[in-house]
Amino acid sequence: MSDFLSFDTFITPKIIRIVFVIGLVLIALATLIRVIYGIWELSILGIILPLIGACIVGLLWRIYCELILVFFDMRDKLADLASRPPS
């Protein structure tokens, strides 16, 4: 509990993994709704384009979440370097 109150450890890297999964579920749900609408309209592009778009958006979402994790990993590595005694 003292680590939490003193900001020695960050909770964001743990939370970002949960946010990533929630984002993927929302992307999949939106794609499913759009594909069903495309089927309803009998449009082949209304079925294929949402699937292609979901793959692209899913990839971009993964890259964004990884960038956030990289920033926190850099902070941890810099903290380790700062705590080393000079040689």
# chains A, B, ... in the order shown; residues from 1 in each chain; ligands from 1

$ residues_around --residues "Pro50 of chain A" --least-positions-apart "6" --cutoff "7 Å" --atoms "only C-alpha atoms" --output "list of chain:residue names"
A:Thr31, A:Arg34, A:Val35

$ write_last_selection --atoms "C-alpha atoms" --output "tab-separated table (two decimals), in the first residue's frame"
chain	number	residue	atom	x	y	z
A	31	THR	CA	-17.39	-4.73	-36.72
A	34	ARG	CA	-21.47	-3.18	-39.30
A	35	VAL	CA	-21.20	-6.58	-41.02

$ closest_residue --among "A:Leu45, A:Ala54, A:Leu5, A:Ile16" --to "Phe72 of chain A" --atoms "only C-alpha atoms"
A:Ile16

$ atom_distance --atom1 "atom CA of Val19 of chain A" --atom2 "atom CA of Cys65 of chain A"
8.6 Å

$ closest_residue --among "A:Lys14, A:Val21, A:Ile48, A:Ser6" --to "Arg62 of chain A" --atoms "only C-alpha atoms"
A:Val21

$ select_by_dssp --residues "chain A" --states "alpha helix (DSSP H)" --output "PyMOL selection string"
chain A and resi 2-6+12-40+45-83

$ closest_residue --among "A:Phe10, A:Ala28, A:Ile63, A:Ile33" --to "Ile47 of chain A" --atoms "only C-alpha atoms"
A:Ile33

$ atom_distance --atom1 "atom CA of Leu67 of chain A" --atom2 "atom CA of Pro85 of chain A"
29.5 Å

$ atom_distance --atom1 "atom CA of Thr9 of chain A" --atom2 "atom CA of Met74 of chain A"
13.5 Å
